[in-house]
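**Student:** Structure: my_file17.cif, mmCIF, C-alpha atoms.
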data_work
loop_
_atom_site.label_atom_id
_atom_site.label_comp_id
_atom_site.auth_asym_id
_atom_site.auth_seq_id
_atom_site.Cartn_x
_atom_site.Cartn_y
_atom_site.Cartn_z
CA MET A 1 134.51 93.21 74.69
CA PHE A 2 134.56 90.44 77.29
CA TYR A 3 137.73 89.28 79.00
CA VAL A 4 137.92 85.73 80.40
CA SER A 5 140.46 84.49 82.95
CA CYS A 6 140.43 81.73 85.57
CA GLY A 7 136.88 80.97 84.49
CA ILE A 8 135.76 84.49 85.43
CA VAL A 9 134.18 86.73 82.80
CA TYR A 10 134.62 90.52 82.92
CA GLU A 11 133.31 93.10 80.51
CA GLY A 12 136.14 95.19 79.12
CA ARG A 13 139.21 96.52 80.88
CA ILE A 14 139.53 99.47 83.23
CA ASN A 15 141.64 102.26 81.81
CA ILE A 16 143.63 103.54 84.78
CA THR A 17 147.30 103.42 85.76
CA VAL A 18 147.91 102.08 89.26
CA THR A 19 151.03 101.79 91.40
CA PHE A 20 151.06 99.24 94.21
CA LEU A 21 153.35 99.16 97.25
CA SER A 22 154.10 95.51 97.84
CA GLY A 23 155.86 93.00 100.05
CA GLY A 24 155.25 89.50 101.35
CA THR A 25 152.24 87.59 100.03
CA GLY A 26 149.26 89.84 100.77
CA THR A 27 149.77 92.35 97.98
CA PRO A 28 150.67 89.74 95.32
CA LYS A 29 147.29 88.10 95.99
CA LEU A 30 145.69 91.48 95.32
CA LEU A 31 147.74 91.84 92.14
CA LEU A 32 146.32 88.55 90.92
CA GLY A 33 142.89 90.19 90.91
CA ALA A 34 144.12 93.53 89.58
CA ARG A 35 145.50 91.77 86.50
CA LEU A 36 141.97 90.63 85.61
CA LEU A 37 140.83 94.26 85.38
CA LEU A 38 143.93 96.12 84.20
CA GLU A 39 146.47 95.66 81.47
CA ASP A 40 149.82 94.59 82.91
CA SER A 41 151.37 97.61 81.22
CA ASP A 42 149.15 99.88 83.35
CA ILE A 43 150.41 98.33 86.59
CA ALA A 44 153.55 99.40 88.47
CA VAL A 45 154.72 97.73 91.66
CA ILE A 46 157.20 99.28 94.07
CA VAL A 47 158.60 96.37 96.02
CA ASN A 48 160.13 96.11 99.47
CA THR A 49 163.81 95.14 99.36
CA ALA A 50 164.59 95.33 103.09
CA GLU A 51 164.48 91.51 103.24
CA ASP A 52 167.11 91.02 100.52
CA LEU A 53 170.33 89.14 101.22
CA TRP A 54 173.28 87.46 99.57
CA TYR A 55 172.87 83.71 100.01
CA GLN A 56 174.88 80.76 98.67
CA GLY A 57 176.46 82.90 95.97
CA GLY A 58 173.26 84.49 94.72
CA HIS A 59 171.30 87.61 95.58
CA ILE A 60 167.84 86.90 96.98
CA SER A 61 165.19 89.59 96.55
CA PRO A 62 162.22 87.57 97.80
CA ASP A 63 159.50 90.18 97.39
CA ILE A 64 160.72 91.26 93.96
CA ASP A 65 160.86 87.66 92.79
CA THR A 66 157.32 86.92 93.97
CA VAL A 67 155.99 89.87 91.97
CA MET A 68 158.10 89.11 88.89
CA TYR A 69 157.09 85.46 88.88
CA LEU A 70 153.43 86.42 89.27
CA PHE A 71 153.50 88.62 86.16
CA ALA A 72 155.59 86.03 84.31
CA GLY A 73 152.93 83.41 85.01
CA ILE A 74 155.33 81.06 86.83
CA LEU A 75 154.70 81.87 90.52
CA ASN A 76 153.91 78.98 92.81
CA THR A 77 150.58 80.26 94.13
CA HIS A 78 150.33 77.44 96.67
CA THR A 79 153.28 78.78 98.65
CA TRP A 80 153.31 82.33 97.18
CA TRP A 81 157.08 82.12 96.74
CA GLY A 82 159.28 80.38 94.23
CA ILE A 83 158.54 78.94 90.81
CA THR A 84 155.78 76.44 90.19
CA GLY A 85 157.06 72.94 89.47
CA ASP A 86 160.59 73.81 90.59
CA THR A 87 163.05 71.13 91.68
CA PHE A 88 165.39 71.31 94.69
CA ALA A 89 168.44 69.23 93.75
CA SER A 90 170.89 72.05 94.52
CA HIS A 91 169.29 72.71 97.90
CA GLU A 92 169.43 69.02 98.76
CA GLN A 93 173.10 68.90 97.79
CA PHE A 94 173.90 71.90 100.00
CA CYS A 95 172.23 70.07 102.90
CA ALA A 96 174.13 66.88 102.10
CA LEU A 97 177.37 68.86 102.27
CA GLY A 98 176.49 70.02 105.78
CA VAL A 99 175.63 73.60 104.83
CA ASP A 100 173.15 75.45 107.05
CA ALA A 101 170.72 75.90 104.17
CA TYR A 102 167.85 77.36 106.17
CA LEU A 103 166.31 78.97 103.08
CA THR A 104 164.86 76.38 100.69
CA VAL A 105 165.72 77.64 97.21
CA GLY A 106 164.51 75.89 94.06
CA ASP A 107 166.85 75.22 91.17
CA ARG A 108 165.15 77.55 88.68
CA ASP A 109 164.70 80.15 91.40
CA ARG A 110 168.41 79.87 92.21
CA ALA A 111 169.28 80.57 88.58
CA VAL A 112 167.47 83.91 88.83
CA GLU A 113 169.28 84.73 92.09
CA LEU A 114 172.66 83.85 90.60
CA LEU A 115 171.93 85.95 87.52
CA ARG A 116 170.90 88.89 89.71
CA GLY A 117 174.11 88.51 91.68
CA GLU A 118 176.19 88.57 88.52
CA LEU A 119 174.34 91.64 87.20
CA LEU A 120 174.90 93.48 90.48
CA LYS A 121 178.59 92.51 90.55
CA SER A 122 178.93 93.80 86.99
CA GLY A 123 177.91 97.27 88.18
CA MET A 124 174.18 97.31 87.54
CA THR A 125 171.90 98.89 90.13
CA LEU A 126 169.15 96.72 91.60
CA SER A 127 166.64 98.68 89.47
CA GLU A 128 168.62 97.92 86.32
CA ALA A 129 169.03 94.27 87.25
CA THR A 130 165.31 93.95 87.99
CA CYS A 131 164.43 95.55 84.65
CA ASP A 132 166.82 93.18 82.87
CA ILE A 133 165.36 90.07 84.50
CA CYS A 134 161.79 91.26 83.89
CA ARG A 135 162.66 91.61 80.19
CA ARG A 136 164.04 88.07 80.14
CA LEU A 137 160.83 86.80 81.81
CA ASN A 138 158.56 88.79 79.44
CA VAL A 139 157.05 90.81 82.29
CA ALA A 140 155.01 93.73 80.91
CA ALA A 141 154.28 95.40 84.25
CA THR A 142 156.72 97.85 85.82
CA VAL A 143 158.43 96.11 88.75
CA VAL A 144 160.88 98.30 90.63
CA PRO A 145 162.73 98.04 93.95
CA MET A 146 162.07 100.72 96.54
CA THR A 147 165.76 101.71 96.58
CA ASP A 148 169.02 100.85 94.88
CA ASN A 149 170.84 101.05 98.21
CA GLU A 150 171.20 98.34 100.82
CA TYR A 151 168.61 98.84 103.55
CA THR A 152 167.97 95.79 105.67
CA THR A 153 165.44 94.86 108.35
CA MET A 154 167.11 93.42 111.44
CA ILE A 155 165.29 91.90 114.41
CA GLN A 156 166.60 92.22 117.95
CA THR A 157 165.85 89.11 120.01
CA CYS A 158 167.04 87.57 123.26
CA GLU A 159 169.56 85.64 121.14
CA GLY A 160 170.93 88.77 119.52
CA VAL A 161 170.29 90.88 116.43
CA MET A 162 169.62 88.93 113.24
CA HIS A 163 168.48 89.42 109.65
CA PHE A 164 164.72 89.23 109.20
CA GLN A 165 165.05 86.05 107.12
CA GLU A 166 166.97 84.35 109.91
CA TYR A 167 164.33 85.42 112.44
CA TRP A 168 161.34 84.41 110.32
CA VAL A 169 162.59 81.41 108.33
CA LYS A 170 165.41 79.85 110.33
CA HIS A 171 163.80 80.42 113.73
CA ARG A 172 160.22 80.40 112.36
CA GLY A 173 159.38 83.59 114.24
CA LYS A 174 159.54 81.77 117.58
CA LEU A 175 162.03 84.18 119.16
CA ALA A 176 160.26 87.09 120.82
CA PRO A 177 161.20 90.27 118.92
CA LEU A 178 162.42 93.04 121.19
CA ASN A 179 162.90 95.66 118.48
CA VAL A 180 162.89 96.09 114.71
CA MET A 181 165.77 98.05 113.21
CA ARG A 182 167.15 98.97 109.80
CA GLU A 183 170.75 98.82 108.69
CA PRO A 184 172.08 101.34 107.93
CA SER A 185 170.10 103.53 110.32
CA HIS A 186 169.78 106.46 107.90
CA HIS A 187 167.01 106.42 105.31
CA PRO A 188 168.04 105.54 101.76
CA GLU A 189 167.18 107.43 98.60
CA ALA A 190 164.19 106.00 96.78
CA ALA A 191 164.95 104.45 93.42
CA THR A 192 164.35 106.96 90.62
CA ARG A 193 161.99 104.59 88.82
CA ALA A 194 160.01 104.09 92.04
CA LEU A 195 159.30 107.81 92.30
CA GLU A 196 158.52 107.95 88.57
CA ALA A 197 155.99 105.14 89.03
CA ILE A 198 154.15 107.13 91.70
CA TYR A 199 154.20 110.43 89.82
CA THR A 200 152.96 108.89 86.56
CA SER A 201 150.16 106.81 88.09
CA GLU A 202 146.58 107.90 88.67
CA LEU A 203 146.15 105.88 91.87
CA VAL A 204 148.39 104.29 94.49
CA VAL A 205 147.37 101.22 96.47
CA ILE A 206 149.21 100.19 99.63
CA GLY A 207 148.57 96.47 99.73
CA PRO A 208 147.72 94.32 102.75
CA SER A 209 151.34 93.53 103.53
CA ASN A 210 153.16 93.60 106.86
CA PRO A 211 153.33 97.30 107.83
CA VAL A 212 156.62 96.99 109.74
CA THR A 213 158.72 94.87 107.40
CA SER A 214 157.07 95.34 103.99
CA ILE A 215 155.46 98.78 103.71
CA MET A 216 157.29 101.02 106.19
CA PRO A 217 160.69 100.34 104.57
CA ILE A 218 159.25 101.70 101.32
CA LEU A 219 157.79 104.75 103.05
CA GLU A 220 161.14 105.38 104.75
CA CYS A 221 162.88 105.84 101.39
CA SER A 222 163.58 109.52 100.79
CA GLY A 223 161.03 111.11 98.45
CA VAL A 224 158.32 108.46 98.68
CA ILE A 225 156.01 110.15 101.19
CA GLU A 226 156.32 113.48 99.38
CA ALA A 227 155.33 111.79 96.13
CA LEU A 228 152.40 109.96 97.74
CA MET A 229 151.05 113.21 99.16
CA LYS A 230 150.39 114.33 95.58
CA LYS A 231 148.33 111.26 94.62
CA PRO A 232 145.12 109.55 95.75
CA VAL A 233 146.23 106.68 98.00
CA VAL A 234 144.30 103.64 99.25
CA ALA A 235 145.57 101.37 102.02
CA ILE A 236 144.29 97.90 102.88
CA SER A 237 144.64 96.48 106.38
CA PRO A 238 146.26 93.06 106.78
CA PHE A 239 144.56 92.60 110.18
CA ILE A 240 141.33 91.03 111.36
CA GLY A 241 141.00 91.90 115.03
CA ASP A 242 144.44 91.71 116.65
CA LYS A 243 145.72 89.04 114.26
CA PRO A 244 147.26 89.48 110.81
CA VAL A 245 145.98 87.34 107.97
CA SER A 246 149.47 85.86 107.78
CA GLY A 247 153.02 86.48 108.95
CA PRO A 248 154.58 88.05 112.05
CA ALA A 249 153.00 91.51 111.77
CA ARG A 250 151.40 91.35 115.22
CA ASP A 251 154.60 90.62 117.15
CA LEU A 252 156.64 93.08 115.12
CA MET A 253 154.11 95.90 115.53
CA ILE A 254 154.16 95.33 119.29
CA ALA A 255 157.97 95.42 119.23
CA LYS A 256 157.76 98.80 117.48
CA GLY A 257 155.28 100.15 120.04
CA MET A 258 152.37 100.06 117.59
CA VAL A 259 148.84 98.80 118.17
CA PRO A 260 148.51 95.41 116.40
CA SER A 261 145.17 95.97 114.69
CA SER A 262 143.59 97.79 111.78
CA ALA A 263 143.53 100.88 113.99
CA GLY A 264 147.30 100.66 114.38
CA VAL A 265 147.76 100.18 110.64
CA TYR A 266 145.54 103.18 109.93
CA ASP A 267 147.54 105.31 112.37
CA ALA A 268 150.75 104.36 110.57
CA TYR A 269 149.39 105.50 107.19
CA ALA A 270 146.90 108.22 108.18
CA ASP A 271 148.91 111.17 106.89
CA ILE A 272 149.23 109.83 103.36
CA ILE A 273 146.02 107.94 102.57
CA ASP A 274 142.64 109.02 101.25
CA LEU A 275 140.80 105.73 101.78
CA PHE A 276 141.28 102.88 104.25
CA ILE A 277 139.90 99.38 103.75
CA GLN A 278 139.41 96.78 106.46
CA ASP A 279 137.89 93.32 106.44
CA ILE A 280 134.15 92.73 106.76
CA ARG A 281 134.87 90.41 109.73
CA ASP A 282 137.14 92.84 111.57
CA PRO A 283 135.73 93.70 115.05
CA THR A 284 137.96 96.79 115.22
CA ASP A 285 136.15 99.93 114.10
CA VAL A 286 138.20 102.43 112.13
CA PRO A 287 136.06 105.55 111.53
CA GLY A 288 135.70 106.38 107.85
CA ALA A 289 136.99 103.00 106.65
CA ILE A 290 135.10 100.92 104.12
CA ARG A 291 134.57 97.20 104.51
CA CYS A 292 135.54 94.53 101.98
CA ASP A 293 136.45 90.87 102.01
CA THR A 294 140.23 91.18 102.30
CA LEU A 295 141.13 87.50 102.72
CA MET A 296 141.42 87.09 98.93
CA SER A 297 140.85 83.35 99.04
CA SER A 298 140.15 83.45 95.29
CA PRO A 299 140.74 85.80 92.35
CA GLU A 300 137.07 86.79 92.51
CA VAL A 301 137.55 88.23 96.00
CA ALA A 302 140.56 90.28 94.93
CA VAL A 303 138.66 91.52 91.86
CA GLY A 304 135.74 92.60 94.05
CA MET A 305 138.01 94.71 96.24
CA MET A 306 139.73 96.30 93.25
CA GLN A 307 136.35 97.09 91.68
CA GLU A 308 135.27 98.80 94.91
CA ILE A 309 138.45 100.88 94.89
CA PHE A 310 138.07 101.88 91.24
CA HIS A 311 134.42 102.79 91.79
CA ARG A 312 135.43 105.32 94.41
CA PHE A 313 138.26 106.93 92.43
CA ARG A 314 136.78 107.15 88.93
#
Since I need it in another form, could you write the structure as structure tokens?
**Tutor:**
Amino acid sequence: MFYVSCGIVYEGRINITVTFLSGGTGTPKLLLGARLLLEDSDIAVIVNTAEDLWYQGGHISPDIDTVMYLFAGILNTHTWWGITGDTFASHEQFCALGVDAYLTVGDRDRAVELLRGELLKSGMTLSEATCDICRRLNVAATVVPMTDNEYTTMIQTCEGVMHFQEYWVKHRGKLAPLNVMREPSHHPEAATRALEAIYTSELVVIGPSNPVTSIMPILECSGVIEALMKKPVVAISPFIGDKPVSGPARDLMIAKGMVPSSAGVYDAYADIIDLFIQDIRDPTDVPGAIRCDTLMSSPEVAVGMMQEIFHRFR
């Protein structure tokens, strides 16, 4: 049987269940390729929620929404956030009313955030609310938050401590980060469905997302590392040289005392991974790593990396 998508032809599907650790835009680009090889029902995604916040009456879970919209077929893949073709009348009205609307939220996107807020206020956990919204969007993959507890990334700067979204979006990452912290300081319990996703999968892939703000919050959830130690785990570096493919990973790794390179990423994951992937253009040499094109400028590139991973674990 041949499967055709995006003009690309693949023979058959790969029969393997895979759990991805995701945040930001790097891992969703990988998921775009994974979907061409796997059934959505064989994919689980544990998503970073340390960037969540209540905003203008709704509850924003930016990384969850990106993954949900991807599987629902409505993600704006030009920006890698929000819904394709969305309008911004509500955002424009907030601005007209003099509100400091530093996050640009589309109207359809806002409806999802308002619904999530109502579900949470009704007593649902974030896992339950996510499951409910996925059902409404006809998402067949398992999308689950890392925890059902509040656990937020805060950035210490010369202008004070602020939420990651304020640092990255409002100030555009221009304030030098002095430290990266979580609130509360104690590690939260992992969501039950997140641990179930790991234990029931045959392979775990840590995507090329920001190690400090996307992946480490997931690993800090109680029970996650112990579960990963029982599974084959692949990690993909988001760095080429000392620069990340996108986002503030370099500055935030320095603020955490980490080496901003693939070597630093490998060191952060070394105890839990079986295979490390870095870009073919990366001048940093990580012993034992394999080389792939990690820029994922097209679905074909993402497919090629997933095929290389599956070849080594099947």
**Student:** Quick one: which residues end up in the PyMOL selection byres ((chain A and resi 14) around 8) for this structure, as a list in words?
**Tutor:**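 Evaluating the PyMOL selection byres ((chain A and resi 14) around 8) on this file yields Gly12, Arg13, Asn15, Ile16, Leu37 and Leu38 of chain A.
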**Student:** Would you pick out the contacts of Phe276 (chain A) at 8 Å or less, using only C-alpha atoms, so that residues sharing its chain but fewer than 5 positions from it are not included, and give the list as a ChimeraX atom specification?
**Tutor:** /A:234-237,266,288-290
**Student:** Just so the selection is clear, what residues does the PyMOL selection byres ((chain A and resi 86) around 7) cover here, as a list in words?
**Tutor:**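 On the file shown, the PyMOL selection byres ((chain A and resi 86) around 7) covers Ile83, Thr84, Gly85, Thr87, Phe88, Gly106, Asp107 and Arg108 of chain A.
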**Student:** Which residue out of A:Asn138, A:Gln307, A:Ser214, A:Gln56 has the minimum interatomic distance to Cys292 (chain A) when all atoms listed in the file are used?
**Tutor:** A:Gln307
**Student:** The PyMOL selection byres ((chain A and resi 21) around 9) - which residues does that actually catch in the file I just gave you? List them as a PyMOL selection string.
**Tutor:** chain A and resi 19-20+22-23+27+44-48+146+204-207+209+214-215+218
**Student:** Which distance in Å separates CA of Ser127 (chain A) and CA of Leu228 (chain A), to one decimal?
**Tutor:**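 Spanning CA of Ser127 (chain A) to CA of Leu228 (chain A) is a straight-line distance of 20.0 Å.
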**Student:** Grab the CA of Glu113 (chain A) to CA of Gly82 (chain A) distance for me, in Å with one decimal place.
**Tutor:**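 Computing the Euclidean distance for CA of Glu113 (chain A) and CA of Gly82 (chain A) yields 11.1 Å.
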**Student:** With all atoms listed in the file as the atoms that count, which of A:Leu120, A:Met296, A:Met216, A:Met162 lies nearest to Ala249 (chain A)?
**Tutor:**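 Distance minimum relative to Ala249 (chain A) lands on A:Met216.
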**Student:** Need the axis-aligned box for region 140-144 of chain A with 3 Å each side, so what are the centre and edges in Å to one decimal, as JSON?
**Tutor:**
{"center_x": 157.6, "center_y": 96.0, "center_z": 85.8, "size_x": 12.6, "size_y": 10.6, "size_z": 15.7}
**Student:** Could you tell me how far CA of Gly26 (chain A) lies from CA of Ala302 (chain A), in Å and to one decimal?
**Tutor:** 10.5 Å
**Student:** Ile240 (chain A): which residues within 9 Å, counting all atoms listed in the file, same-chain residues fewer than 3 positions away excluded, as an MDAnalysis selection string?
**Tutor:** chainID A and resid 237 243:245 261:262 278:284
**Student:** Do you know which residues are at most 12 Å from Thr213 (chain A) counting only C-alpha atoms, after dropping those on the same chain fewer than 4 positions away, and could you put them as a PDB file with C-alpha atoms, in the frame of the given file?
**Tutor:**
ATOM      1  CA  SER A  22     154.100  95.510  97.840  1.00  0.00           C
ATOM      2  CA  GLY A  23     155.860  93.000 100.050  1.00  0.00           C
ATOM      3  CA  GLY A  24     155.250  89.500 101.350  1.00  0.00           C
ATOM      4  CA  VAL A  47     158.600  96.370  96.020  1.00  0.00           C
ATOM      5  CA  ASN A  48     160.130  96.110  99.470  1.00  0.00           C
ATOM      6  CA  THR A  49     163.810  95.140  99.360  1.00  0.00           C
ATOM      7  CA  ALA A  50     164.590  95.330 103.090  1.00  0.00           C
ATOM      8  CA  GLU A  51     164.480  91.510 103.240  1.00  0.00           C
ATOM      9  CA  ASP A  52     167.110  91.020 100.520  1.00  0.00           C
ATOM     10  CA  ASP A  63     159.500  90.180  97.390  1.00  0.00           C
ATOM     11  CA  TYR A 151     168.610  98.840 103.550  1.00  0.00           C
ATOM     12  CA  THR A 152     167.970  95.790 105.670  1.00  0.00           C
ATOM     13  CA  THR A 153     165.440  94.860 108.350  1.00  0.00           C
ATOM     14  CA  MET A 154     167.110  93.420 111.440  1.00  0.00           C
ATOM     15  CA  ILE A 155     165.290  91.900 114.410  1.00  0.00           C
ATOM     16  CA  HIS A 163     168.480  89.420 109.650  1.00  0.00           C
ATOM     17  CA  PHE A 164     164.720  89.230 109.200  1.00  0.00           C
ATOM     18  CA  GLN A 165     165.050  86.050 107.120  1.00  0.00           C
ATOM     19  CA  TRP A 168     161.340  84.410 110.320  1.00  0.00           C
ATOM     20  CA  ASN A 179     162.900  95.660 118.480  1.00  0.00           C
ATOM     21  CA  VAL A 180     162.890  96.090 114.710  1.00  0.00           C
ATOM     22  CA  MET A 181     165.770  98.050 113.210  1.00  0.00           C
ATOM     23  CA  ARG A 182     167.150  98.970 109.800  1.00  0.00           C
ATOM     24  CA  PRO A 208     147.720  94.320 102.750  1.00  0.00           C
ATOM     25  CA  SER A 209     151.340  93.530 103.530  1.00  0.00           C
ATOM     26  CA  PRO A 217     160.690 100.340 104.570  1.00  0.00           C
ATOM     27  CA  ILE A 218     159.250 101.700 101.320  1.00  0.00           C
ATOM     28  CA  LEU A 219     157.790 104.750 103.050  1.00  0.00           C
ATOM     29  CA  GLU A 220     161.140 105.380 104.750  1.00  0.00           C
ATOM     30  CA  GLY A 247     153.020  86.480 108.950  1.00  0.00           C
ATOM     31  CA  PRO A 248     154.580  88.050 112.050  1.00  0.00           C
ATOM     32  CA  ALA A 249     153.000  91.510 111.770  1.00  0.00           C
ATOM     33  CA  ARG A 250     151.400  91.350 115.220  1.00  0.00           C
ATOM     34  CA  ASP A 251     154.600  90.620 117.150  1.00  0.00           C
ATOM     35  CA  LEU A 252     156.640  93.080 115.120  1.00  0.00           C
ATOM     36  CA  MET A 253     154.110  95.900 115.530  1.00  0.00           C
ATOM     37  CA  ALA A 255     157.970  95.420 119.230  1.00  0.00           C
ATOM     38  CA  LYS A 256     157.760  98.800 117.480  1.00  0.00           C
TER      39      LYS A 256
END
**Student:** So, with all atoms listed in the file as the atoms that count, which of A:Leu30, A:Val212, A:Ala111, A:Leu103 lies closest to His171 (chain A)?
**Tutor:** A:Leu103
**Student:** List as an MDAnalysis selection string the protein and nucleic acid residues near Thr200 (chain A), meaning an atom at most 12 Å away when all atoms listed in the file are counted, but skip any in the same chain fewer than 6 places from it.
**Tutor:** chainID A and resid 16:19 42:44 142 193:194 227:228 230:231
**Student:** Hey, what's within 12 Å of Glu92 (chain A) if we count all atoms listed in the file and toss same-chain stuff fewer than 6 positions away? As number ranges by chain, please?
**Tutor:** A: 98-107
**Student:** Could you complete region 203-221 of chain A so that it carries N, CA and C atoms, and give it back as a PDB file, in the frame of the given file?
**Tutor:**
ATOM      1  N   LEU A 203     146.578 106.394  90.564  1.00  0.00           N
ATOM      2  CA  LEU A 203     146.150 105.880  91.870  1.00  0.00           C
ATOM      3  C   LEU A 203     147.266 105.043  92.457  1.00  0.00           C
ATOM      4  N   VAL A 204     147.414 105.125  93.771  1.00  0.00           N
ATOM      5  CA  VAL A 204     148.390 104.290  94.490  1.00  0.00           C
ATOM      6  C   VAL A 204     147.644 103.426  95.495  1.00  0.00           C
ATOM      7  N   VAL A 205     147.985 102.152  95.532  1.00  0.00           N
ATOM      8  CA  VAL A 205     147.370 101.220  96.470  1.00  0.00           C
ATOM      9  C   VAL A 205     148.453 100.618  97.363  1.00  0.00           C
ATOM     10  N   ILE A 206     148.328 100.833  98.663  1.00  0.00           N
ATOM     11  CA  ILE A 206     149.210 100.190  99.630  1.00  0.00           C
ATOM     12  C   ILE A 206     148.563  98.857  99.991  1.00  0.00           C
ATOM     13  N   GLY A 207     149.178  97.783  99.567  1.00  0.00           N
ATOM     14  CA  GLY A 207     148.570  96.470  99.730  1.00  0.00           C
ATOM     15  C   GLY A 207     148.552  95.987 101.163  1.00  0.00           C
ATOM     16  N   PRO A 208     147.845  94.872 101.396  1.00  0.00           N
ATOM     17  CA  PRO A 208     147.720  94.320 102.750  1.00  0.00           C
ATOM     18  C   PRO A 208     148.937  93.503 103.147  1.00  0.00           C
ATOM     19  N   SER A 209     150.077  94.158 103.144  1.00  0.00           N
ATOM     20  CA  SER A 209     151.340  93.530 103.530  1.00  0.00           C
ATOM     21  C   SER A 209     151.722  93.971 104.932  1.00  0.00           C
ATOM     22  N   ASN A 210     152.692  93.286 105.505  1.00  0.00           N
ATOM     23  CA  ASN A 210     153.160  93.600 106.860  1.00  0.00           C
ATOM     24  C   ASN A 210     153.598  95.065 106.929  1.00  0.00           C
ATOM     25  N   PRO A 211     152.959  95.877 107.771  1.00  0.00           N
ATOM     26  CA  PRO A 211     153.330  97.300 107.830  1.00  0.00           C
ATOM     27  C   PRO A 211     154.784  97.525 108.232  1.00  0.00           C
ATOM     28  N   VAL A 212     155.297  96.744 109.174  1.00  0.00           N
ATOM     29  CA  VAL A 212     156.620  96.990 109.740  1.00  0.00           C
ATOM     30  C   VAL A 212     157.739  96.566 108.807  1.00  0.00           C
ATOM     31  N   THR A 213     157.609  95.399 108.190  1.00  0.00           N
ATOM     32  CA  THR A 213     158.720  94.870 107.400  1.00  0.00           C
ATOM     33  C   THR A 213     158.525  94.979 105.894  1.00  0.00           C
ATOM     34  N   SER A 214     157.320  95.258 105.433  1.00  0.00           N
ATOM     35  CA  SER A 214     157.070  95.340 103.990  1.00  0.00           C
ATOM     36  C   SER A 214     156.782  96.750 103.501  1.00  0.00           C
ATOM     37  N   ILE A 215     155.912  97.471 104.205  1.00  0.00           N
ATOM     38  CA  ILE A 215     155.460  98.780 103.710  1.00  0.00           C
ATOM     39  C   ILE A 215     156.289  99.927 104.292  1.00  0.00           C
ATOM     40  N   MET A 216     156.537  99.913 105.589  1.00  0.00           N
ATOM     41  CA  MET A 216     157.290 101.020 106.190  1.00  0.00           C
ATOM     42  C   MET A 216     158.686 101.192 105.594  1.00  0.00           C
ATOM     43  N   PRO A 217     159.403 100.108 105.235  1.00  0.00           N
ATOM     44  CA  PRO A 217     160.690 100.340 104.570  1.00  0.00           C
ATOM     45  C   PRO A 217     160.552 101.147 103.281  1.00  0.00           C
ATOM     46  N   ILE A 218     159.475 100.927 102.541  1.00  0.00           N
ATOM     47  CA  ILE A 218     159.250 101.700 101.320  1.00  0.00           C
ATOM     48  C   ILE A 218     158.984 103.164 101.666  1.00  0.00           C
ATOM     49  N   LEU A 219     158.139 103.383 102.660  1.00  0.00           N
ATOM     50  CA  LEU A 219     157.790 104.750 103.050  1.00  0.00           C
ATOM     51  C   LEU A 219     158.990 105.493 103.631  1.00  0.00           C
ATOM     52  N   GLU A 220     159.952 104.758 104.155  1.00  0.00           N
ATOM     53  CA  GLU A 220     161.140 105.380 104.750  1.00  0.00           C
ATOM     54  C   GLU A 220     162.142 105.844 103.697  1.00  0.00           C
ATOM     55  N   CYS A 221     161.968 105.423 102.463  1.00  0.00           N
ATOM     56  CA  CYS A 221     162.880 105.840 101.390  1.00  0.00           C
ATOM     57  C   CYS A 221     162.623 107.314 101.060  1.00  0.00           C
TER      58      CYS A 221
END
